[in-house]
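Q: Okay, here's the structure, questions in a sec.
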Amino acid sequence: MGILGAKNKVIAGDYIGGKIVLSINLGNMIILNKKMVAAHKIESEVKGNHKISVTFADGRKSLLELDDALCTALLAQLF
């Protein structure tokens, strides 16, 4: 999507292509909550497009691309 906005999915690493979901698990969607995520880091923020690296509790790692709304919701969920 580039200029049009973030993809709101995993763009690299484990679970690549998975869509981001904060509270439920449906098919190819990735659950992100405080129990599932061991660590996270904001890698970059450009015009409403956030790249966040995530280390899951099981040791897997992913790079997420999120829009402003989902990024804000995720950070609140992980707080």
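FYI, nothing fancy with the structure tokens labels: chains A, B, ... in order, residues from 1 per chain, ligands from 1 as they appear.
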Can you check which residues of chain A DSSP gives as helix (DSSP H, G or I) on the backbone and send them as an mmCIF file with N, CA, C and O atoms, in the first residue's frame?

A:
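File part-v5.cif, as written:
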```
data_model
loop_
_atom_site.group_PDB
_atom_site.id
_atom_site.type_symbol
_atom_site.label_atom_id
_atom_site.label_comp_id
_atom_site.auth_asym_id
_atom_site.auth_seq_id
_atom_site.Cartn_x
_atom_site.Cartn_y
_atom_site.Cartn_z
ATOM 1 N N GLY A 2 2.022 1.204 0.604
ATOM 2 C CA GLY A 2 2.945 2.325 0.550
ATOM 3 C C GLY A 2 2.352 3.641 0.994
ATOM 4 O O GLY A 2 2.022 3.829 2.146
ATOM 5 N N ILE A 3 2.183 4.567 0.076
ATOM 6 C CA ILE A 3 1.706 5.910 0.371
ATOM 7 C C ILE A 3 0.294 5.903 0.925
ATOM 8 O O ILE A 3 -0.075 6.738 1.721
ATOM 9 N N LEU A 4 -0.523 4.936 0.538
ATOM 10 C CA LEU A 4 -1.911 4.896 0.979
ATOM 11 C C LEU A 4 -2.065 4.503 2.433
ATOM 12 O O LEU A 4 -3.108 4.704 3.015
ATOM 13 N N ASP A 68 -1.560 4.222 12.241
ATOM 14 C CA ASP A 68 -1.590 4.928 13.526
ATOM 15 C C ASP A 68 -2.545 4.280 14.521
ATOM 16 O O ASP A 68 -2.191 4.063 15.676
ATOM 17 N N ALA A 69 -3.768 3.995 14.087
ATOM 18 C CA ALA A 69 -4.791 3.476 14.993
ATOM 19 C C ALA A 69 -4.393 2.122 15.578
ATOM 20 O O ALA A 69 -4.489 1.909 16.788
ATOM 21 N N LEU A 70 -3.930 1.204 14.728
ATOM 22 C CA LEU A 70 -3.562 -0.118 15.219
ATOM 23 C C LEU A 70 -2.295 -0.070 16.052
ATOM 24 O O LEU A 70 -2.165 -0.780 17.054
ATOM 25 N N CYS A 71 -1.374 0.792 15.712
ATOM 26 C CA CYS A 71 -0.137 0.962 16.499
ATOM 27 C C CYS A 71 -0.487 1.445 17.906
ATOM 28 O O CYS A 71 -0.003 0.894 18.896
ATOM 29 N N THR A 72 -1.341 2.440 18.006
ATOM 30 C CA THR A 72 -1.753 2.975 19.303
ATOM 31 C C THR A 72 -2.454 1.886 20.124
ATOM 32 O O THR A 72 -2.165 1.715 21.311
ATOM 33 N N ALA A 73 -3.339 1.138 19.496
ATOM 34 C CA ALA A 73 -4.057 0.058 20.182
ATOM 35 C C ALA A 73 -3.093 -1.025 20.644
ATOM 36 O O ALA A 73 -3.210 -1.543 21.761
ATOM 37 N N LEU A 74 -2.128 -1.380 19.798
ATOM 38 C CA LEU A 74 -1.158 -2.415 20.163
ATOM 39 C C LEU A 74 -0.317 -1.986 21.354
ATOM 40 O O LEU A 74 -0.144 -2.731 22.310
ATOM 41 N N LEU A 75 0.202 -0.765 21.311
ATOM 42 C CA LEU A 75 1.045 -0.292 22.410
ATOM 43 C C LEU A 75 0.265 -0.250 23.716
ATOM 44 O O LEU A 75 0.805 -0.582 24.776
ATOM 45 N N ALA A 76 -1.004 0.129 23.671
ATOM 46 C CA ALA A 76 -1.846 0.121 24.870
ATOM 47 C C ALA A 76 -2.052 -1.314 25.373
ATOM 48 O O ALA A 76 -2.011 -1.572 26.579
ATOM 49 N N GLN A 77 -2.246 -2.253 24.444
ATOM 50 C CA GLN A 77 -2.457 -3.658 24.799
ATOM 51 C C GLN A 77 -1.212 -4.245 25.457
ATOM 52 O O GLN A 77 -1.313 -5.083 26.355
ATOM 53 N N LEU A 78 -0.036 -3.825 25.021
ATOM 54 C CA LEU A 78 1.221 -4.380 25.533
ATOM 55 C C LEU A 78 1.722 -3.666 26.787
ATOM 56 O O LEU A 78 2.676 -4.115 27.395
#
```

Q: Hey, which of A:Ile31, A:Ile11, A:Ile42, A:Val21 ends up closest to Ala57 (chain A)? Count only C-alpha atoms.

A: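 Looking at the shortest contact to Ala57 (chain A), the residue is A:Ile31.
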
Q: Find the residues around Val54 (chain A) up to 12 Å (only C-alpha atoms counted), leave out those fewer than 5 positions away in its own chain, and share them as a PDB file with N, CA and C atoms, in the first residue's frame.

A:
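out_24.pdb was written with the following content:
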```pdb
ATOM      1  N   VAL A  10       2.118  -8.697   9.209  1.00  0.00           N
ATOM      2  CA  VAL A  10       3.523  -9.063   9.379  1.00  0.00           C
ATOM      3  C   VAL A  10       4.199  -8.968   8.013  1.00  0.00           C
ATOM      4  N   ILE A  11       5.283  -8.186   7.930  1.00  0.00           N
ATOM      5  CA  ILE A  11       5.949  -7.997   6.641  1.00  0.00           C
ATOM      6  C   ILE A  11       7.287  -8.721   6.549  1.00  0.00           C
ATOM      7  N   ALA A  12       7.787  -9.282   7.664  1.00  0.00           N
ATOM      8  CA  ALA A  12       9.036 -10.044   7.639  1.00  0.00           C
ATOM      9  C   ALA A  12       9.105 -10.952   8.859  1.00  0.00           C
ATOM     10  N   GLY A  13       9.915 -12.004   8.755  1.00  0.00           N
ATOM     11  CA  GLY A  13      10.135 -12.909   9.875  1.00  0.00           C
ATOM     12  C   GLY A  13       9.063 -13.975   9.999  1.00  0.00           C
ATOM     13  N   ASP A  14       8.940 -14.511  11.214  1.00  0.00           N
ATOM     14  CA  ASP A  14       7.930 -15.537  11.472  1.00  0.00           C
ATOM     15  C   ASP A  14       6.537 -14.948  11.257  1.00  0.00           C
ATOM     16  N   TYR A  15       5.624 -15.764  10.813  1.00  0.00           N
ATOM     17  CA  TYR A  15       4.222 -15.393  10.587  1.00  0.00           C
ATOM     18  C   TYR A  15       4.041 -14.391   9.446  1.00  0.00           C
ATOM     19  N   ILE A  20      -2.846  -8.574  11.637  1.00  0.00           N
ATOM     20  CA  ILE A  20      -2.705  -8.294  13.053  1.00  0.00           C
ATOM     21  C   ILE A  20      -4.073  -8.202  13.727  1.00  0.00           C
ATOM     22  N   ILE A  30      -2.742 -13.046  13.641  1.00  0.00           N
ATOM     23  CA  ILE A  30      -1.783 -13.187  14.720  1.00  0.00           C
ATOM     24  C   ILE A  30      -2.306 -12.492  15.979  1.00  0.00           C
ATOM     25  N   ILE A  31      -2.351 -13.210  17.090  1.00  0.00           N
ATOM     26  CA  ILE A  31      -2.782 -12.617  18.361  1.00  0.00           C
ATOM     27  C   ILE A  31      -1.622 -11.841  18.955  1.00  0.00           C
ATOM     28  N   LEU A  32      -1.867 -10.593  19.292  1.00  0.00           N
ATOM     29  CA  LEU A  32      -0.853  -9.778  19.949  1.00  0.00           C
ATOM     30  C   LEU A  32      -1.437  -9.256  21.253  1.00  0.00           C
ATOM     31  N   ASN A  33      -0.931  -9.779  22.351  1.00  0.00           N
ATOM     32  CA  ASN A  33      -1.321  -9.287  23.657  1.00  0.00           C
ATOM     33  C   ASN A  33      -0.136  -9.454  24.594  1.00  0.00           C
ATOM     34  N   LYS A  34      -0.283  -8.976  25.796  1.00  0.00           N
ATOM     35  CA  LYS A  34       0.822  -8.984  26.756  1.00  0.00           C
ATOM     36  C   LYS A  34       1.317 -10.398  27.063  1.00  0.00           C
ATOM     37  N   MET A  36       1.291 -13.016  24.918  1.00  0.00           N
ATOM     38  CA  MET A  36       1.922 -13.609  23.737  1.00  0.00           C
ATOM     39  C   MET A  36       3.226 -12.920  23.327  1.00  0.00           C
ATOM     40  N   VAL A  37       3.398 -11.641  23.699  1.00  0.00           N
ATOM     41  CA  VAL A  37       4.553 -10.856  23.253  1.00  0.00           C
ATOM     42  C   VAL A  37       5.525 -10.651  24.410  1.00  0.00           C
ATOM     43  N   ALA A  38       6.758 -11.112  24.229  1.00  0.00           N
ATOM     44  CA  ALA A  38       7.794 -10.952  25.253  1.00  0.00           C
ATOM     45  C   ALA A  38       8.452  -9.579  25.182  1.00  0.00           C
ATOM     46  N   ALA A  39       8.620  -9.046  23.951  1.00  0.00           N
ATOM     47  CA  ALA A  39       9.282  -7.752  23.774  1.00  0.00           C
ATOM     48  C   ALA A  39       8.852  -7.138  22.444  1.00  0.00           C
ATOM     49  N   HIS A  40       8.931  -5.808  22.383  1.00  0.00           N
ATOM     50  CA  HIS A  40       8.642  -5.109  21.134  1.00  0.00           C
ATOM     51  C   HIS A  40       9.510  -3.855  21.055  1.00  0.00           C
ATOM     52  N   LYS A  41       9.721  -3.384  19.824  1.00  0.00           N
ATOM     53  CA  LYS A  41      10.531  -2.188  19.607  1.00  0.00           C
ATOM     54  C   LYS A  41      10.009  -1.464  18.379  1.00  0.00           C
ATOM     55  N   ILE A  42       9.822  -0.162  18.498  1.00  0.00           N
ATOM     56  CA  ILE A  42       9.429   0.651  17.343  1.00  0.00           C
ATOM     57  C   ILE A  42      10.684   0.880  16.514  1.00  0.00           C
ATOM     58  N   GLU A  43      10.673   0.371  15.287  1.00  0.00           N
ATOM     59  CA  GLU A  43      11.838   0.480  14.397  1.00  0.00           C
ATOM     60  C   GLU A  43      11.811   1.770  13.592  1.00  0.00           C
ATOM     61  N   GLY A  59       9.709 -17.251  21.370  1.00  0.00           N
ATOM     62  CA  GLY A  59      10.995 -16.950  20.754  1.00  0.00           C
ATOM     63  C   GLY A  59      10.935 -16.553  19.295  1.00  0.00           C
ATOM     64  N   ARG A  60       9.798 -16.724  18.650  1.00  0.00           N
ATOM     65  CA  ARG A  60       9.684 -16.307  17.250  1.00  0.00           C
ATOM     66  C   ARG A  60       9.712 -14.786  17.172  1.00  0.00           C
ATOM     67  N   LYS A  61      10.103 -14.284  15.987  1.00  0.00           N
ATOM     68  CA  LYS A  61      10.209 -12.836  15.797  1.00  0.00           C
ATOM     69  C   LYS A  61       9.505 -12.430  14.519  1.00  0.00           C
ATOM     70  N   SER A  62       8.915 -11.241  14.530  1.00  0.00           N
ATOM     71  CA  SER A  62       8.232 -10.704  13.352  1.00  0.00           C
ATOM     72  C   SER A  62       8.457  -9.200  13.270  1.00  0.00           C
ATOM     73  N   LEU A  63       8.371  -8.683  12.050  1.00  0.00           N
ATOM     74  CA  LEU A  63       8.372  -7.245  11.813  1.00  0.00           C
ATOM     75  C   LEU A  63       6.979  -6.881  11.335  1.00  0.00           C
ATOM     76  N   LEU A  64       6.318  -5.974  12.056  1.00  0.00           N
ATOM     77  CA  LEU A  64       4.958  -5.577  11.746  1.00  0.00           C
ATOM     78  C   LEU A  64       4.943  -4.220  11.064  1.00  0.00           C
ATOM     79  N   GLU A  65       3.962  -4.027  10.191  1.00  0.00           N
ATOM     80  CA  GLU A  65       3.710  -2.715   9.618  1.00  0.00           C
ATOM     81  C   GLU A  65       2.290  -2.332  10.008  1.00  0.00           C
ATOM     82  N   LEU A  74      -2.128  -1.380  19.798  1.00  0.00           N
ATOM     83  CA  LEU A  74      -1.158  -2.415  20.163  1.00  0.00           C
ATOM     84  C   LEU A  74      -0.317  -1.986  21.354  1.00  0.00           C
ATOM     85  N   LEU A  75       0.202  -0.765  21.311  1.00  0.00           N
ATOM     86  CA  LEU A  75       1.045  -0.292  22.410  1.00  0.00           C
ATOM     87  C   LEU A  75       0.265  -0.250  23.716  1.00  0.00           C
ATOM     88  N   LEU A  78      -0.036  -3.825  25.021  1.00  0.00           N
ATOM     89  CA  LEU A  78       1.221  -4.380  25.533  1.00  0.00           C
ATOM     90  C   LEU A  78       1.722  -3.666  26.787  1.00  0.00           C
TER      91      LEU A  78
END
```

Q: To one decimal in Å, tell me the separation between CA of Ile52 (chain A) and CA of Asn8 (chain A).

A: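 Between CA of Ile52 (chain A) and CA of Asn8 (chain A) the gap is 10.7 Å.
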
Q: Between A:Phe79, A:Asp67, A:Lys7, A:Asp58, single out the one closest to Lys19 (chain A), counting only C-alpha atoms.

A: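 Closest to Lys19 (chain A), using only C-alpha atoms: A:Lys7.
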
Q: Can you list, as an MDAnalysis selection string, all residues belonging to chain A that DSSP tags as strand (DSSP E or B)?

A: chainID A and resid 9:13 19:21 29:31 37:46 49:56 61:67
